[in-house]
Amino acid sequence: MVISEEKIWELLKEVRDPELPALDIIEMGIAREIKIESGKVTVVITPTYSGCPAMFMIETEIRDVLSKNGITCDVKTTYTPAWTTDWLTEEAREKLRQYGIAPPGKDIEEIFNKNTKCPFCGSDDTKLVSNFGSTACKSIHYCNSCVQPFEHFKCI
Amino acid sequence: MAEFDVKTRELLFNYILGIADDRLILGHRLSEWCGHAPIIEEDIAMANIALDCIGEADAFYKLAATFDTEGRSADDLAFLRDSTEFRNVQLSEQPNTDFAWTIARQFFTDAFYVPFFEELAKSSYEELAAPGAKALKEVKYHLRHSREWILRLGDGTEESNSRLQDAVDNLWMYTREFFEFSDSVKLLYELDIVPDNSALLEKWKETVLPVLKDALITIPEDPPYFATGGRNGLHTEHLGHLLAEMQVLPRTYPDAKW
């Protein structure tokens, strides 16, 4: 069987970050590169945060999904270029918002200086509760308008 | 991978271990707050910062392992070395004591690591620059967090102010090891691989002193001597206790997998 890069990218869409199931690992920018050298497949991934505990699971799932399709692969981790929220497309940001997570801004200082828009009611009348949330990549906010706590994907 | 001679490889191994050990030991200390922090948001924040630190340590251990003449893995380096082989600054191993001590230790550390990682990210050795650039994004959030707490505690109640003052007074003597520019570091600096960390002391002061002042904390007089030796394996008694707890599982069950 000839393994094409296209086919592997297609299969990788099945793999999701367990902590952010709204997006697949391609939309997240975690899957960086696919190398095929004399039939040997290597998938290169990069962590969102150094200590992201989901990386091991993502690695295992990549292997599982590909092996179900008769493809064995190596998974390699890279730190260059360092993962950034800038890689999230407008479409991915909208998916996050619909899932109930305020999408990231453009600047690391933004969450401290500007109110984050509530993903539920769209109000700007919100406050930062903590810049560390349920996972390394999120901060916790509170919406005064719809009286709801919400999470925000931090700019990194 | 870049080619280095035997001597440079040895220097790099020790240097990278120093960074990894700083991050691991501090990360472990922070993890001790999990389930015990004063409020739930802080419990989560401490666990988050601990996770970042340990993740950063993992990246640096993996790189250090490529230079190890004994062929040890990242896990071996973290879990199977004794305290005299650890190269972290003594500040990282200081006990949590109370929340003010934890925050002071963190603030002093973050104020160094932000400019340090900024410089390390420019290293000509890409494998070392990459985890530096990654960690920089994380420590910026840490510094933001510890700085806010310094202000809140110092300019808070009489009790919080006196506790923070006590922490600053006691930890001050551990704040200079970051800036030691030993002959072996100098050799790596001359190869354009690592930054001149002694040059970062001024930056550190620019970050630390105004915040302490705003927090109504009296800047301590310089002590008769500053703690030194961590980078060569000389540690306070606290590190041994920390390692005993951190390493017990992999040492008791060497083949354990999780």
# chains A, B, ... in the order shown; residues from 1 in each chain; ligands from 1
call {"tool": "residues_around", "arguments": {"residues": "region 102-110 of chain A", "least_positions_apart": "2", "cutoff": "7 Å", "atoms": "only C-alpha atoms", "output": "number ranges by chain"}}
result
A: 85, 93, 96-97, 100, 112-114, 117-119, 151-156
call {"tool": "write_last_selection", "arguments": {"atoms": "N, CA and C atoms", "output": "short mmCIF file (atom, residue, chain, number, x, y, z; two decimals), in the first residue's frame"}}
result
data_model
loop_
_atom_site.label_atom_id
_atom_site.label_comp_id
_atom_site.auth_asym_id
_atom_site.auth_seq_id
_atom_site.Cartn_x
_atom_site.Cartn_y
_atom_site.Cartn_z
N THR A 85 -0.58 30.65 20.18
CA THR A 85 -2.02 30.74 19.90
C THR A 85 -2.28 31.46 18.58
N ARG A 93 -11.03 29.54 16.31
CA ARG A 93 -11.41 30.44 17.41
C ARG A 93 -12.92 30.44 17.61
N LEU A 96 -14.00 27.34 19.37
CA LEU A 96 -13.72 27.43 20.80
C LEU A 96 -14.83 28.22 21.50
N ARG A 97 -15.19 29.36 20.88
CA ARG A 97 -16.21 30.22 21.48
C ARG A 97 -17.53 29.47 21.62
N GLY A 100 -17.73 27.30 24.44
CA GLY A 100 -17.83 27.98 25.74
C GLY A 100 -16.51 28.47 26.29
N PHE A 112 -4.74 40.94 31.12
CA PHE A 112 -4.60 41.75 32.34
C PHE A 112 -5.10 43.18 32.12
N ASN A 113 -5.03 43.63 30.87
CA ASN A 113 -5.33 45.03 30.60
C ASN A 113 -6.70 45.27 29.97
N LYS A 114 -7.28 44.21 29.43
CA LYS A 114 -8.52 44.40 28.68
C LYS A 114 -9.51 43.32 29.11
N LYS A 117 -14.01 39.13 26.32
CA LYS A 117 -15.43 39.03 25.95
C LYS A 117 -16.01 37.70 26.40
N CYS A 118 -17.18 37.75 27.03
CA CYS A 118 -17.83 36.53 27.51
C CYS A 118 -18.27 35.67 26.32
N PRO A 119 -17.89 34.38 26.32
CA PRO A 119 -18.25 33.53 25.18
C PRO A 119 -19.75 33.19 25.14
N GLU A 151 -14.13 30.26 30.94
CA GLU A 151 -12.70 30.07 30.72
C GLU A 151 -12.26 30.77 29.45
N HIS A 152 -10.98 31.06 29.40
CA HIS A 152 -10.43 31.78 28.26
C HIS A 152 -9.12 31.10 27.88
N PHE A 153 -8.93 30.92 26.59
CA PHE A 153 -7.69 30.32 26.10
C PHE A 153 -6.63 31.42 26.10
N LYS A 154 -5.60 31.26 26.95
CA LYS A 154 -4.60 32.32 27.10
C LYS A 154 -3.74 32.48 25.86
N CYS A 155 -3.41 33.71 25.57
CA CYS A 155 -2.48 34.00 24.49
C CYS A 155 -1.09 33.54 24.92
N ILE A 156 -0.41 32.81 24.07
CA ILE A 156 0.94 32.37 24.41
C ILE A 156 1.81 32.41 23.17
#
call {"tool": "interface_residues", "arguments": {"of": "chain A", "to": "chain B", "cutoff": "8 Å", "atoms": "only C-alpha atoms", "output": "list in words"}}
result
Tyr49, Ser50, Gly51, Cys52, Tyr79, Thr80, Pro81, Ala82, Trp83, Val129, Ser130, Asn131, Phe132, Gly133, Ser134, Thr135, Ala136 and Ile156 of chain A
call {"tool": "write_last_selection", "arguments": {"atoms": "all heavy atoms", "output": "compact mmCIF listing (two decimals), in the first residue's frame"}}
result
# COMPACT_ATOMS: atom_id res chain seq x y z
N TYR A 49 1.91 23.66 26.03
CA TYR A 49 2.73 24.06 27.18
C TYR A 49 3.71 22.93 27.46
O TYR A 49 3.40 21.78 27.21
CB TYR A 49 1.85 24.30 28.42
CG TYR A 49 1.18 25.65 28.41
CD1 TYR A 49 0.12 25.90 27.56
CD2 TYR A 49 1.64 26.69 29.22
CE1 TYR A 49 -0.48 27.15 27.51
CE2 TYR A 49 1.06 27.93 29.18
CZ TYR A 49 0.00 28.16 28.33
OH TYR A 49 -0.58 29.40 28.28
N SER A 50 4.90 23.29 28.00
CA SER A 50 5.93 22.27 28.26
C SER A 50 5.39 21.09 29.05
O SER A 50 5.72 19.95 28.80
CB SER A 50 7.09 22.86 29.05
OG SER A 50 7.60 24.00 28.46
N GLY A 51 4.54 21.40 30.05
CA GLY A 51 4.10 20.34 30.94
C GLY A 51 2.74 19.79 30.58
O GLY A 51 2.10 19.13 31.40
N CYS A 52 2.27 20.06 29.36
CA CYS A 52 0.91 19.64 28.98
C CYS A 52 0.74 18.13 29.18
O CYS A 52 1.39 17.33 28.51
CB CYS A 52 0.61 19.99 27.53
SG CYS A 52 -1.03 19.43 27.04
N TYR A 79 10.28 21.44 19.81
CA TYR A 79 9.98 22.69 20.52
C TYR A 79 10.17 23.91 19.61
O TYR A 79 9.93 25.03 20.02
CB TYR A 79 10.86 22.83 21.76
CG TYR A 79 10.54 21.82 22.83
CD1 TYR A 79 11.25 20.64 22.93
CD2 TYR A 79 9.50 22.04 23.73
CE1 TYR A 79 10.95 19.70 23.89
CE2 TYR A 79 9.18 21.12 24.69
CZ TYR A 79 9.92 19.94 24.78
OH TYR A 79 9.61 19.02 25.74
N THR A 80 10.68 23.65 18.40
CA THR A 80 10.85 24.77 17.45
C THR A 80 9.97 24.59 16.24
O THR A 80 10.02 23.52 15.64
CB THR A 80 12.29 24.87 16.91
OG1 THR A 80 12.97 23.68 17.22
CG2 THR A 80 13.00 26.09 17.30
N PRO A 81 9.29 25.63 15.81
CA PRO A 81 9.07 26.86 16.57
C PRO A 81 8.11 26.60 17.72
O PRO A 81 7.26 25.70 17.63
CB PRO A 81 8.44 27.80 15.53
CG PRO A 81 7.81 26.89 14.53
CD PRO A 81 8.58 25.62 14.52
N ALA A 82 8.29 27.37 18.81
CA ALA A 82 7.44 27.17 19.99
C ALA A 82 5.98 27.44 19.64
O ALA A 82 5.67 28.40 18.92
CB ALA A 82 7.90 28.10 21.10
N TRP A 83 5.12 26.60 20.15
CA TRP A 83 3.68 26.70 19.86
C TRP A 83 3.16 28.08 20.26
O TRP A 83 3.54 28.63 21.29
CB TRP A 83 2.93 25.62 20.65
CG TRP A 83 1.50 25.50 20.27
CD1 TRP A 83 0.99 24.76 19.23
CD2 TRP A 83 0.37 26.12 20.92
NE1 TRP A 83 -0.37 24.90 19.19
CE2 TRP A 83 -0.77 25.72 20.21
CE3 TRP A 83 0.23 26.97 22.00
CZ2 TRP A 83 -2.05 26.14 20.57
CZ3 TRP A 83 -1.03 27.39 22.36
CH2 TRP A 83 -2.17 26.97 21.65
N VAL A 129 -10.45 36.35 37.00
CA VAL A 129 -10.45 35.76 38.35
C VAL A 129 -9.05 35.21 38.66
O VAL A 129 -8.51 35.42 39.73
CB VAL A 129 -11.52 34.65 38.48
CG1 VAL A 129 -11.44 33.98 39.85
CG2 VAL A 129 -12.91 35.22 38.24
N SER A 130 -8.47 34.50 37.69
CA SER A 130 -7.13 33.95 37.89
C SER A 130 -6.51 33.68 36.54
O SER A 130 -7.21 33.23 35.62
CB SER A 130 -7.20 32.65 38.70
OG SER A 130 -5.92 32.04 38.73
N ASN A 131 -5.21 33.97 36.39
CA ASN A 131 -4.62 33.67 35.09
C ASN A 131 -4.16 32.21 34.97
O ASN A 131 -3.49 31.83 34.03
CB ASN A 131 -3.55 34.70 34.68
CG ASN A 131 -2.32 34.69 35.54
OD1 ASN A 131 -1.59 33.72 35.55
ND2 ASN A 131 -2.07 35.76 36.26
N PHE A 132 -4.58 31.39 35.92
CA PHE A 132 -4.35 29.94 35.81
C PHE A 132 -5.68 29.22 35.99
O PHE A 132 -6.39 29.46 36.97
CB PHE A 132 -3.34 29.46 36.85
CG PHE A 132 -1.99 30.09 36.66
CD1 PHE A 132 -1.61 31.20 37.38
CD2 PHE A 132 -1.11 29.57 35.72
CE1 PHE A 132 -0.36 31.80 37.18
CE2 PHE A 132 0.14 30.15 35.52
CZ PHE A 132 0.51 31.26 36.25
N GLY A 133 -6.02 28.38 35.04
CA GLY A 133 -7.32 27.71 35.08
C GLY A 133 -7.23 26.20 35.17
O GLY A 133 -6.23 25.66 35.65
N SER A 134 -8.29 25.53 34.68
CA SER A 134 -8.38 24.08 34.84
C SER A 134 -7.29 23.34 34.05
O SER A 134 -6.99 22.20 34.36
CB SER A 134 -9.76 23.61 34.37
OG SER A 134 -9.91 23.91 33.00
N THR A 135 -6.73 23.97 33.05
CA THR A 135 -5.59 23.40 32.34
C THR A 135 -4.57 24.52 32.16
O THR A 135 -4.91 25.69 32.30
CB THR A 135 -5.97 22.86 30.95
OG1 THR A 135 -6.34 23.97 30.12
CG2 THR A 135 -7.12 21.89 31.00
N ALA A 136 -3.34 24.12 31.80
CA ALA A 136 -2.25 25.09 31.68
C ALA A 136 -2.59 26.21 30.69
O ALA A 136 -2.12 27.33 30.83
CB ALA A 136 -0.98 24.37 31.24
N ILE A 156 -0.41 32.81 24.07
CA ILE A 156 0.94 32.37 24.41
C ILE A 156 1.81 32.41 23.17
O ILE A 156 1.33 32.18 22.07
CB ILE A 156 0.94 30.98 25.06
CG1 ILE A 156 2.34 30.59 25.54
CG2 ILE A 156 0.34 29.94 24.17
CD1 ILE A 156 2.41 29.26 26.24
call {"tool": "select_by_dssp", "arguments": {"residues": "region 55-92 of chain B", "states": "alpha helix (DSSP H)", "output": "list in words"}}
result
Gly55, Glu56, Ala57, Asp58, Ala59, Phe60, Tyr61, Lys62, Leu63, Ala64, Ala65, Ala74, Asp75, Asp76, Leu77, Ala78, Phe79, Gln90, Leu91 and Ser92 of chain B
